[in-house]
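Student: Sharing query.cif (mmCIF, C-alpha atoms) below.
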data_input
loop_
_atom_site.label_atom_id
_atom_site.label_comp_id
_atom_site.auth_asym_id
_atom_site.auth_seq_id
_atom_site.Cartn_x
_atom_site.Cartn_y
_atom_site.Cartn_z
CA GLN H 21 -34.19 -134.93 148.88
CA SER H 22 -34.75 -131.65 150.65
CA GLY H 23 -34.33 -128.29 149.01
CA ASN H 24 -35.37 -126.95 145.65
CA GLN H 25 -33.69 -129.72 143.62
CA SER H 26 -36.06 -132.51 144.67
CA VAL H 27 -38.24 -134.10 141.98
CA ILE H 28 -40.96 -134.69 144.58
CA ILE H 29 -42.84 -132.50 147.03
CA GLY H 30 -45.51 -133.35 149.55
CA SER H 31 -46.09 -134.18 153.15
CA ALA H 32 -45.44 -137.17 155.31
CA ALA H 33 -45.29 -138.36 158.89
CA TRP H 34 -43.77 -141.55 160.22
CA ASP H 35 -42.52 -143.11 163.39
CA ASN H 36 -38.73 -143.20 163.64
CA LYS H 37 -37.83 -145.30 166.69
CA GLY H 38 -40.50 -143.68 168.84
CA GLN H 39 -40.02 -140.15 167.51
CA LEU H 40 -42.55 -138.57 165.13
CA GLU H 41 -40.86 -137.31 161.95
CA LYS H 42 -42.71 -134.95 159.59
CA CYS H 43 -42.22 -133.45 156.17
CA HIS H 44 -43.93 -130.32 154.79
CA SER H 45 -43.36 -128.72 151.38
CA LEU H 46 -43.42 -125.21 149.99
CA LEU H 47 -44.60 -124.41 146.49
CA LEU H 48 -44.26 -121.05 144.76
CA PHE H 49 -45.75 -120.06 141.39
CA ASP H 50 -44.39 -117.07 139.51
CA TYR H 51 -47.37 -114.88 138.63
CA GLY H 52 -45.25 -112.48 136.60
CA ASP H 53 -47.17 -109.29 135.79
CA LEU H 54 -50.62 -110.83 136.35
CA PRO H 55 -51.22 -109.02 139.69
CA LYS H 56 -50.62 -105.72 137.86
CA ILE H 57 -53.11 -106.63 135.12
CA ILE H 58 -55.82 -108.56 136.97
CA LYS H 59 -57.65 -107.27 140.02
CA PRO H 60 -58.22 -109.91 142.73
CA GLU H 61 -61.99 -109.52 142.43
CA TRP H 62 -61.80 -110.53 138.75
CA ILE H 63 -60.52 -114.01 139.68
CA THR H 64 -63.45 -116.42 139.45
CA ASN H 65 -61.57 -119.66 140.12
CA ALA H 66 -58.09 -120.90 140.96
CA GLU H 67 -57.30 -124.59 141.04
CA LEU H 68 -54.10 -126.19 142.31
CA ILE H 69 -53.38 -129.45 140.49
CA LEU H 70 -50.94 -131.96 142.01
CA VAL H 71 -49.94 -135.22 140.35
CA PRO H 72 -49.14 -138.03 142.80
CA VAL H 73 -45.89 -139.95 142.73
CA ILE H 74 -45.52 -143.41 144.21
CA LEU H 75 -41.96 -144.17 145.27
CA LYS H 76 -40.86 -147.63 144.24
CA ASP H 77 -38.95 -148.22 147.50
CA GLU H 78 -41.85 -147.06 149.65
CA GLU H 79 -43.67 -149.75 151.54
CA LEU H 80 -47.43 -149.80 151.16
CA LEU H 81 -49.03 -148.60 154.36
CA GLU H 82 -52.54 -149.35 155.44
CA GLU H 83 -53.15 -145.68 155.98
CA LEU H 84 -56.47 -144.30 157.00
CA THR H 85 -58.01 -141.25 155.43
CA HIS H 86 -56.28 -138.13 156.68
CA ARG H 87 -56.38 -134.37 156.11
CA PHE H 88 -54.19 -132.70 153.53
CA THR H 89 -53.86 -128.93 153.92
CA VAL H 90 -52.65 -126.19 151.60
CA ARG H 91 -52.03 -122.90 153.37
CA ARG H 92 -50.94 -119.45 152.14
CA VAL H 93 -47.41 -118.43 153.12
CA ILE H 94 -47.44 -114.79 154.29
CA GLN H 95 -43.75 -113.90 154.43
CA PRO H 96 -40.78 -114.14 152.06
CA TRP H 97 -38.55 -117.19 152.30
CA GLN H 98 -35.39 -118.53 150.70
CA ASP H 99 -35.00 -122.22 150.15
CA SER H 100 -31.37 -122.31 151.23
CA LEU H 101 -32.23 -120.84 154.64
CA LEU H 102 -35.17 -123.12 155.49
CA ASN H 103 -35.25 -125.84 158.09
CA TRP H 104 -37.93 -127.14 160.43
CA GLU H 105 -37.33 -124.39 163.00
CA LYS H 106 -37.23 -121.61 160.37
CA GLN H 107 -40.38 -122.32 158.39
CA PRO H 108 -42.08 -119.25 156.94
CA VAL H 109 -45.23 -118.00 158.64
CA THR H 110 -48.52 -119.16 157.14
CA SER H 111 -52.12 -118.00 157.53
CA ALA H 112 -54.44 -120.52 159.17
CA GLU H 113 -57.31 -118.33 157.94
CA ASP H 114 -56.14 -118.79 154.37
CA GLN H 115 -56.14 -122.53 153.89
CA VAL H 116 -57.91 -125.34 152.08
CA MET H 117 -58.24 -128.82 153.53
CA MET H 118 -59.35 -132.03 151.94
CA LYS H 119 -59.47 -135.62 153.06
CA LEU H 120 -57.19 -137.95 151.16
CA ASN H 121 -57.81 -141.63 150.89
CA ARG H 122 -54.35 -142.95 150.19
CA ARG H 123 -55.72 -146.19 148.84
CA LYS H 124 -56.37 -144.04 145.77
CA LYS H 125 -52.77 -142.83 145.54
CA SER H 126 -52.86 -142.49 141.76
CA SER H 127 -55.69 -139.92 141.72
CA VAL H 128 -54.72 -136.39 140.67
CA ILE H 129 -55.42 -133.84 143.42
CA ASN H 130 -57.49 -130.79 142.43
CA MET H 131 -57.88 -128.17 145.14
CA ASN H 132 -59.92 -124.98 144.87
CA VAL H 133 -57.54 -122.26 146.11
CA THR H 134 -59.48 -119.28 144.77
CA ARG H 135 -59.63 -117.32 148.05
CA ILE H 136 -55.94 -117.95 148.70
CA VAL H 137 -54.88 -116.77 145.23
CA LYS H 138 -57.07 -113.65 145.50
CA ASN H 139 -55.33 -112.83 148.78
CA MET H 140 -51.94 -113.45 147.15
CA PHE H 141 -52.82 -110.97 144.39
CA HIS H 142 -53.91 -108.49 147.05
CA SER H 143 -51.23 -108.98 149.74
CA GLY H 144 -48.24 -110.58 148.03
CA ASN H 145 -47.32 -113.98 146.63
CA TYR H 146 -45.09 -116.04 148.92
CA GLY H 147 -46.48 -119.40 147.84
CA PHE H 148 -48.21 -122.33 149.47
CA MET H 149 -47.27 -124.68 152.29
CA MET H 150 -48.53 -128.25 152.04
CA PHE H 151 -48.87 -130.60 154.97
CA GLY H 152 -50.93 -133.53 156.14
CA GLU H 153 -52.33 -134.44 159.50
CA ASP H 154 -54.69 -136.81 161.15
CA SER H 155 -57.75 -135.06 162.51
CA LEU H 156 -57.23 -136.76 165.87
CA GLN H 157 -53.43 -136.32 165.76
CA ASN H 158 -52.96 -139.97 166.63
CA GLN H 159 -52.17 -141.48 163.25
CA LEU H 160 -48.43 -141.58 162.82
CA SER H 161 -48.01 -142.66 159.22
CA TYR H 162 -49.12 -140.94 156.05
CA ARG H 163 -47.27 -140.12 152.85
CA ASP H 164 -48.47 -137.80 150.12
CA TRP H 165 -45.83 -137.35 147.41
CA PHE H 166 -46.36 -135.28 144.27
CA ALA H 167 -44.25 -134.38 141.27
CA SER H 168 -42.33 -131.12 141.72
CA ALA H 169 -41.25 -128.45 139.25
CA ARG H 170 -37.93 -130.30 138.94
CA ILE H 171 -39.36 -133.51 137.49
CA ASP H 172 -38.33 -134.12 133.88
CA ASN H 173 -41.85 -134.75 132.58
CA GLU H 174 -43.42 -131.27 132.38
CA ASN H 175 -46.92 -132.76 132.24
CA LEU H 176 -46.52 -134.05 135.81
CA ARG H 177 -45.42 -130.73 137.34
CA PRO H 178 -47.77 -128.87 139.70
CA SER H 179 -50.13 -126.49 137.93
CA LEU H 180 -52.16 -123.54 139.04
CA VAL H 181 -55.04 -122.74 136.71
CA ILE H 182 -56.44 -119.26 137.27
CA THR H 183 -59.71 -118.30 135.59
CA TYR H 184 -60.67 -114.63 135.58
CA THR H 185 -63.13 -112.26 133.98
CA PHE H 186 -62.66 -108.61 133.30
CA PRO H 187 -65.06 -105.96 132.04
CA LEU H 188 -64.56 -104.60 128.55
CA ASP H 189 -66.00 -101.17 127.92
CA TYR H 190 -67.13 -100.53 124.35
CA GLY H 191 -68.99 -97.21 124.30
CA GLY H 192 -71.02 -97.91 127.39
CA ASP H 193 -71.54 -101.62 126.63
CA ARG H 194 -69.91 -103.69 129.37
CA SER H 195 -69.13 -107.23 128.31
CA ILE H 196 -67.36 -109.95 130.23
CA LEU H 197 -64.49 -111.91 128.73
CA ALA H 198 -63.35 -115.10 130.44
CA GLN H 199 -59.72 -116.12 130.25
CA SER H 200 -57.84 -119.10 131.63
CA ILE H 201 -54.14 -119.27 132.26
CA ASN H 202 -51.97 -122.08 133.43
CA ALA H 203 -49.04 -121.03 135.58
CA ARG H 204 -46.22 -123.52 136.12
CA ASP H 205 -44.13 -123.36 139.26
CA ARG H 206 -40.62 -122.24 138.44
CA ASN H 207 -38.88 -121.77 141.75
CA GLN H 208 -39.93 -124.75 143.93
#
I need this file expressed as structure tokens, please.
Tutor:
Amino acid sequence: QSGNQSVIIGSAAWDNKGQLEKCHSLLLFDYGDLPKIIKPEWITNAELILVPVILKDEELLEELTHRFTVRRVIQPWQDSLLNWEKQPVTSAEDQVMMKLNRRKKSSVINMNVTRIVKNMFHSGNYGFMMFGEDSLQNQLSYRDWFASARIDNENLRPSLVITYTFPLDYGGDRSILAQSINARDRNQ
């Protein structure tokens, strides 16, 4: 189901009677007041955690390993206005890629998105775009489905864990305090 009501997000490509069909997803976390409190340089780690979903009607494909990419969206977008031709602009310089072996479909995906989140704190948070691709662009079929913010089980929803340090000044003594937060996506 497209739009912000779907219980799954992810990326896919398949052959539909000789035409290549693709699916990309957008994911936005609400940082609240964190960018006002935490300077980007204080962020020591940011990890995007995606829990895979296997659709019961989906046929098992003998898929090869392919690339899965998470890229920073750099302009505002509204879910109701999106379609393939009106995707928001992303930054190819602000992306993380990993190879997925879909024979291990049940493995939780952990992606280090520290640089991307720092840039979001600095330049604005418009979320992430997720998509897959074959490095040679000749593999037609891959499917990477993950639980979305709309899934009933909150433990399966995407998470963004941001770890940061900030200096504390006690009469000239500078100490470092490490904090971890777990932001849940609320909008899509």
Student: State, in Å with one decimal place, the distance from atom CA of Ile69 of chain H to atom CA of Gln25 of chain H.
Tutor: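 Distance reported for this atom pair: 19.9 Å.
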Student: Name every residue that the PyMOL selection byres ((chain H and resi 128) around 6) selects in this structure, writing the answer as a PyMOL selection string with chains first and numbers rising.
Tutor: chain H and resi 70-71+127+129
Student: Fewer than 3 positions away in the same chain doesn't count, so skip those; otherwise give me all residues within 6 Å of Val27 of chain H, counting all atoms listed in the file, as a VMD selection string.
Tutor: chain H and resid 168 170 to 171
Student: Any idea what the distance is between atom CA of Ala112 of chain H and atom CA of Tyr184 of chain H?
Tutor: 25.1 Å
Student: One number please: atom CA of Gln115 of chain H to atom CA of Ile58 of chain H, in Å, one decimal.
Tutor: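 Interatomic distance here is 21.9 Å.
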Student: Pick the closest to Pro55 of chain H from H:Phe141, H:Asn121, H:Leu68, H:Ile136: which is it, counting all atoms listed in the file?
Tutor: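 Under the stated criterion, the closest residue is H:Phe141.
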Student: With all atoms listed in the file as the basis for distance, which of H:Glu41, H:Asp53, H:Glu105, H:Glu153 is at the shortest distance from Val90 of chain H?
Tutor: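 That would be H:Glu153, the residue with the smallest distance to Val90 of chain H.
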Student: Could you list as a list in words every residue that has an atom within 7 Å of (-47.9, -133.9, 153.9), using the file's coordinates and counting only C-alpha atoms?
Tutor: Gly30, Ser31, Ala32, Cys43, His44, Phe88, Met150, Phe151, Gly152, Arg163 and Asp164 of chain H
Student: Restricting the output to C-alpha atoms, write the selected residues as a tab-separated table (two decimals), in the frame of the given file.
Tutor:
chain	number	residue	atom	x	y	z
H	30	GLY	CA	-45.51	-133.35	149.55
H	31	SER	CA	-46.09	-134.18	153.15
H	32	ALA	CA	-45.44	-137.17	155.31
H	43	CYS	CA	-42.22	-133.45	156.17
H	44	HIS	CA	-43.93	-130.32	154.79
H	88	PHE	CA	-54.19	-132.70	153.53
H	150	MET	CA	-48.53	-128.25	152.04
H	151	PHE	CA	-48.87	-130.60	154.97
H	152	GLY	CA	-50.93	-133.53	156.14
H	163	ARG	CA	-47.27	-140.12	152.85
H	164	ASP	CA	-48.47	-137.80	150.12
Student: Using the chain letters and residue numbers of this document, give as JSON, numbers by chain the residues selected by the PyMOL selection byres ((chain H and resi 134) around 8).
Tutor: {"H": [63, 64, 65, 66, 67, 132, 133, 135, 136, 137, 138]}
Student: If we count only C-alpha atoms and set the cut-off at 7 Å, which residues sit around Trp165 of chain H, ignoring sequence neighbours fewer than 4 positions away in its own chain? Please answer as a PyMOL selection string.
Tutor: chain H and resi 28-31+72-74
Student: Of the candidates H:Leu180, H:Val93, H:Leu46, H:Leu75, which shows the shortest atom-to-atom distance to Met131 of chain H, using all atoms listed in the file?
Tutor: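 Looking at the shortest contact to Met131 of chain H, the residue is H:Leu180.
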Student: Name the closest residue to Tyr162 of chain H among the candidates H:Ser126, H:Thr185, H:Thr85, H:Ser45; distances are taken between atoms, counting only C-alpha atoms.
Tutor: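 Looking at the shortest contact to Tyr162 of chain H, the residue is H:Thr85.
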Student: Considering only C-alpha atoms, can you say which of H:Ala169, H:Leu47, H:Met140, H:Met118 comes closest to Trp97 of chain H?
Tutor: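 Nearest to Trp97 of chain H: H:Leu47.
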